Amino acid sequence: MTGRHSPEPVPADPAIAAKPTKTLLGPAEIRDLAEMLGVNPTKKLGQNFVIDGNTVRRIVKVARVAPGDTVVEVGPGLGSLTLGMLEIGAAVVAVEIDDRLAEQLPLTVDLMQPGAALTVIRADALKITELPGDPTRLVANLPYNVSVPVLLYLLEHFDSIRAGVVMVQAEVGERLAAPPGNKVYGSPSVKAAWYGDFRTAGKVSRQVFWPVPNVDSILIAFDRRATPLESEELRLKTFALVDAAFQQRRKMLRQSLSVVLGDSSAASALMSEAGIDPTTRGEQLTVHDFLAIARVWIPA
Ligand SMILES: C[S@@+](CC[C@H](N)C(=O)[O-])C[C@H]1O[C@@H](n2cnc3c(N)ncnc32)[C@H](O)[C@@H]1O
């Protein structure tokens with residue numbers, strides 16, 4: 001000690017001290033932003049925004065997003081989830097159909113997390129042909145009315161996506177993750193299984209959204225197969241069989257598949273050749289069983 005007093009701490013600027021450092025959006029910011037932009041959330045675009053930081057951090061954790069990852073997010077909206085991923089040092093490629101939201105997002109991110117690695121694409125996710133940075137993960141609170149088509153479209157067109165977590169309507173998510181024989185097993189279950197392993201990863205309360213939706217939500221986690229199941233041609237044939245099987249899900253396959261395979265005796269013959277019982281129903285078949293039928297089917 002020199003005997004001199006250590007300097008008094010400089011009193012904090014009250015304006016700064018009163019303003020907590022925020023990296024995520026809360027309910028007030030979400031509503032203010034929407035009002036400022038004149039955004040009246042629409043059902044048509046599935047615009048229910050997450051207003052709860054804990055939910056955002058939970059999704060980012062379940063999705064195992066890590067610093068340096070490049071993540072594609074469909075429908076960033078006002079940026080709730082986007083900021084959660086940027087916060088931990090991931091790069092986000094955000095695809096948003098609503099012009100006002102797409103224009104605002106970089107401004108919000110600049111204000112709250114300057115320098116964060118964000119790329120915004122103003123587009124319908126069902127029409128994109130390129131994703132900069134080859135994202136390895138898909139993490140999104142998907143617009144509910146197009147959640148399955150968007151998910152399948154991205155998996156089909158972007159091989160770089162190896163894993164992810166999507167939030168979808170609970171019934172839809174349960175279908176995506178259902179095993180054969182389950183009462184909700186259907187066409188989305190088989191198509192999802194074509195690409196990889198899908199599983200439920202926890203429910204999400206409707207109270208964490210604004211506006212509050214009238215359906216429950218669920219997180220679905222997935223990992224893509226290490227190697228694709230088969231060629232594009234066989235995927236198309238398999239999916240045609242799956243669609244036919246579940247359009248008449250109560251009927252035996254020899255009947256439901258006759259729509260695409262000719263008639264019921266042709267369907268029976270093909271199924272027997274593939275080693276599948278023609279009297280069974282689509283809900284009992286795995287994706288491999290449908291693929292086995294597709295392999296012996298030579299369309300007219
Ligand atoms: C459920 S909100 C999620 C918003 C935000 N990620 C959140 O969690 O708060 C769905 C978002 O998807 C956008 N959207 C709807 N259809 C789309 C499409 N076809 N392509 C891209 N974005 C779409 C909506 O405008 C909306 O911002």
# chains A, B, ... in the order shown; residues from 1 in each chain; ligands from 1
>>> residues_near_ligand(ligand="ligand 1", cutoff="9 Å", atoms="only C-alpha atoms and all ligand atoms", output="MDAnalysis selection string")
chainID A and resid 30 41:42 44:51 56 73:82 94:99 101:102 121:128 140:147 150 167:168 209:210
>>> select_by_dssp(residues="stretch 205-267 of chain A", states="strand (DSSP E)", output="count of residues only")
10
>>> residues_around(residues="A:Thr280", least_positions_apart="2", cutoff="12 Å", atoms="only C-alpha atoms", output="list in words")
Gly181, Ala245, Arg249, Arg250, Lys251, Met252, Leu253, Arg254, Gln255, Ser256, Leu257, Ser268, Met271, Ser272, Gly275, Ile276, Asp277, Pro278, Gly282, Glu283, Gln284, Leu285 and Asp289 of chain A
>>> write_last_selection(atoms="N, CA and C atoms", output="short mmCIF file (atom, residue, chain, number, x, y, z; two decimals), in the first residue's frame")
data_model
loop_
_atom_site.label_atom_id
_atom_site.label_comp_id
_atom_site.auth_asym_id
_atom_site.auth_seq_id
_atom_site.Cartn_x
_atom_site.Cartn_y
_atom_site.Cartn_z
N GLY A 181 -47.29 -49.09 -37.39
CA GLY A 181 -48.22 -49.72 -36.45
C GLY A 181 -48.85 -48.71 -35.51
N ALA A 245 -51.02 -45.66 -50.73
CA ALA A 245 -51.34 -46.53 -49.58
C ALA A 245 -52.12 -45.77 -48.51
N ARG A 249 -56.20 -45.62 -46.32
CA ARG A 249 -55.41 -46.32 -45.32
C ARG A 249 -56.11 -47.51 -44.68
N ARG A 250 -57.44 -47.57 -44.74
CA ARG A 250 -58.16 -48.70 -44.15
C ARG A 250 -58.20 -49.91 -45.09
N LYS A 251 -57.83 -49.70 -46.35
CA LYS A 251 -57.91 -50.82 -47.31
C LYS A 251 -56.64 -51.64 -47.32
N MET A 252 -56.78 -52.90 -47.75
CA MET A 252 -55.59 -53.73 -47.90
C MET A 252 -54.74 -53.15 -49.03
N LEU A 253 -53.43 -53.40 -48.91
CA LEU A 253 -52.53 -52.77 -49.89
C LEU A 253 -52.81 -53.21 -51.33
N ARG A 254 -53.24 -54.46 -51.52
CA ARG A 254 -53.49 -54.88 -52.91
C ARG A 254 -54.57 -54.00 -53.55
N GLN A 255 -55.46 -53.44 -52.69
CA GLN A 255 -56.47 -52.53 -53.24
C GLN A 255 -55.96 -51.09 -53.33
N SER A 256 -55.41 -50.60 -52.21
CA SER A 256 -54.99 -49.20 -52.23
C SER A 256 -53.89 -48.95 -53.27
N LEU A 257 -53.00 -49.93 -53.44
CA LEU A 257 -51.90 -49.72 -54.40
C LEU A 257 -52.30 -50.00 -55.85
N SER A 268 -51.02 -57.40 -56.20
CA SER A 268 -50.71 -58.58 -55.39
C SER A 268 -49.44 -59.25 -55.88
N MET A 271 -46.35 -57.20 -55.04
CA MET A 271 -46.05 -57.21 -53.60
C MET A 271 -45.48 -58.56 -53.18
N SER A 272 -46.03 -59.64 -53.74
CA SER A 272 -45.50 -60.96 -53.39
C SER A 272 -44.05 -61.07 -53.84
N GLY A 275 -41.89 -59.61 -51.48
CA GLY A 275 -41.88 -60.25 -50.16
C GLY A 275 -42.79 -59.58 -49.16
N ILE A 276 -43.81 -58.84 -49.66
CA ILE A 276 -44.74 -58.15 -48.76
C ILE A 276 -46.13 -58.77 -48.91
N ASP A 277 -46.79 -59.02 -47.80
CA ASP A 277 -48.13 -59.61 -47.81
C ASP A 277 -49.14 -58.62 -48.40
N PRO A 278 -49.80 -58.97 -49.53
CA PRO A 278 -50.72 -58.03 -50.19
C PRO A 278 -51.96 -57.71 -49.37
N GLY A 282 -51.08 -50.24 -45.28
CA GLY A 282 -49.91 -49.36 -45.35
C GLY A 282 -49.34 -49.03 -43.99
N GLU A 283 -50.20 -48.94 -42.99
CA GLU A 283 -49.73 -48.52 -41.66
C GLU A 283 -48.78 -49.53 -41.01
N GLN A 284 -48.69 -50.75 -41.61
CA GLN A 284 -47.77 -51.76 -41.06
C GLN A 284 -46.40 -51.73 -41.73
N LEU A 285 -46.29 -51.02 -42.85
CA LEU A 285 -45.06 -51.11 -43.65
C LEU A 285 -44.02 -50.06 -43.26
N ASP A 289 -39.95 -51.46 -46.59
CA ASP A 289 -40.95 -52.31 -47.27
C ASP A 289 -41.49 -51.59 -48.51
#
>>> select_by_dssp(residues="stretch 65-198 of chain A", states="alpha helix (DSSP H)", output="PyMOL selection string")
chain A and resi 80-87+99-112+147-157+170-177+187-195
>>> write_last_selection(atoms="C-alpha atoms", output="PDB file, in the first residue's frame")
ATOM      1  CA  SER A  80     -36.553 -14.563 -31.599  1.00  0.00           C
ATOM      2  CA  LEU A  81     -34.858 -17.840 -32.467  1.00  0.00           C
ATOM      3  CA  THR A  82     -32.352 -16.241 -34.844  1.00  0.00           C
ATOM      4  CA  LEU A  83     -30.916 -14.173 -32.003  1.00  0.00           C
ATOM      5  CA  GLY A  84     -30.699 -17.285 -29.814  1.00  0.00           C
ATOM      6  CA  MET A  85     -28.502 -19.019 -32.369  1.00  0.00           C
ATOM      7  CA  LEU A  86     -26.400 -15.953 -33.133  1.00  0.00           C
ATOM      8  CA  GLU A  87     -25.931 -15.416 -29.398  1.00  0.00           C
ATOM      9  CA  ASP A  99     -40.833  -8.638 -46.951  1.00  0.00           C
ATOM     10  CA  ARG A 100     -41.272  -6.425 -43.902  1.00  0.00           C
ATOM     11  CA  LEU A 101     -39.848  -9.071 -41.559  1.00  0.00           C
ATOM     12  CA  ALA A 102     -36.983  -9.887 -43.907  1.00  0.00           C
ATOM     13  CA  GLU A 103     -36.025  -6.208 -44.181  1.00  0.00           C
ATOM     14  CA  GLN A 104     -36.190  -5.577 -40.452  1.00  0.00           C
ATOM     15  CA  LEU A 105     -34.235  -8.638 -39.299  1.00  0.00           C
ATOM     16  CA  PRO A 106     -30.695  -7.384 -40.117  1.00  0.00           C
ATOM     17  CA  LEU A 107     -31.517  -4.063 -38.400  1.00  0.00           C
ATOM     18  CA  THR A 108     -32.702  -5.827 -35.240  1.00  0.00           C
ATOM     19  CA  VAL A 109     -29.625  -8.059 -35.207  1.00  0.00           C
ATOM     20  CA  ASP A 110     -27.283  -5.091 -35.777  1.00  0.00           C
ATOM     21  CA  LEU A 111     -28.835  -3.345 -32.820  1.00  0.00           C
ATOM     22  CA  MET A 112     -28.841  -6.280 -30.416  1.00  0.00           C
ATOM     23  CA  SER A 147     -44.312 -27.356 -42.071  1.00  0.00           C
ATOM     24  CA  VAL A 148     -44.101 -30.838 -43.600  1.00  0.00           C
ATOM     25  CA  PRO A 149     -43.665 -29.688 -47.235  1.00  0.00           C
ATOM     26  CA  VAL A 150     -40.930 -27.235 -46.165  1.00  0.00           C
ATOM     27  CA  LEU A 151     -39.124 -29.864 -44.116  1.00  0.00           C
ATOM     28  CA  LEU A 152     -39.204 -32.470 -46.895  1.00  0.00           C
ATOM     29  CA  TYR A 153     -38.288 -29.889 -49.546  1.00  0.00           C
ATOM     30  CA  LEU A 154     -35.183 -28.802 -47.641  1.00  0.00           C
ATOM     31  CA  LEU A 155     -34.069 -32.363 -46.952  1.00  0.00           C
ATOM     32  CA  GLU A 156     -34.571 -33.251 -50.597  1.00  0.00           C
ATOM     33  CA  HIS A 157     -32.725 -30.249 -52.042  1.00  0.00           C
ATOM     34  CA  ALA A 170     -48.064 -31.318 -31.969  1.00  0.00           C
ATOM     35  CA  GLU A 171     -50.215 -33.651 -34.117  1.00  0.00           C
ATOM     36  CA  VAL A 172     -47.973 -33.096 -37.123  1.00  0.00           C
ATOM     37  CA  GLY A 173     -44.818 -33.727 -35.099  1.00  0.00           C
ATOM     38  CA  GLU A 174     -46.211 -36.920 -33.613  1.00  0.00           C
ATOM     39  CA  ARG A 175     -46.915 -38.137 -37.127  1.00  0.00           C
ATOM     40  CA  LEU A 176     -43.421 -37.317 -38.320  1.00  0.00           C
ATOM     41  CA  ALA A 177     -41.898 -39.345 -35.486  1.00  0.00           C
ATOM     42  CA  SER A 187     -47.424 -40.644 -45.263  1.00  0.00           C
ATOM     43  CA  PRO A 188     -45.310 -37.967 -43.441  1.00  0.00           C
ATOM     44  CA  SER A 189     -43.893 -40.659 -41.131  1.00  0.00           C
ATOM     45  CA  VAL A 190     -42.674 -42.825 -44.015  1.00  0.00           C
ATOM     46  CA  LYS A 191     -41.373 -39.869 -46.027  1.00  0.00           C
ATOM     47  CA  ALA A 192     -39.482 -38.484 -43.044  1.00  0.00           C
ATOM     48  CA  ALA A 193     -37.995 -41.932 -42.414  1.00  0.00           C
ATOM     49  CA  TRP A 194     -36.701 -41.910 -45.995  1.00  0.00           C
ATOM     50  CA  TYR A 195     -34.323 -39.135 -44.979  1.00  0.00           C
TER      51      TYR A 195
END
>>> residues_around(residues="A:Leu131", least_positions_apart="5", cutoff="9 Å", atoms="only C-alpha atoms", output="list in words")
Val72, Val93, Ile121 and Phe158 of chain A
>>> write_last_selection(atoms="C-alpha atoms", output="mmCIF file, in the first residue's frame")
data_model
loop_
_atom_site.group_PDB
_atom_site.id
_atom_site.type_symbol
_atom_site.label_atom_id
_atom_site.label_comp_id
_atom_site.auth_asym_id
_atom_site.auth_seq_id
_atom_site.Cartn_x
_atom_site.Cartn_y
_atom_site.Cartn_z
ATOM 1 C CA VAL A 72 -30.624 -22.521 -41.857
ATOM 2 C CA VAL A 93 -29.036 -18.236 -42.988
ATOM 3 C CA ILE A 121 -32.932 -14.520 -47.941
ATOM 4 C CA PHE A 158 -29.945 -29.543 -49.541
#
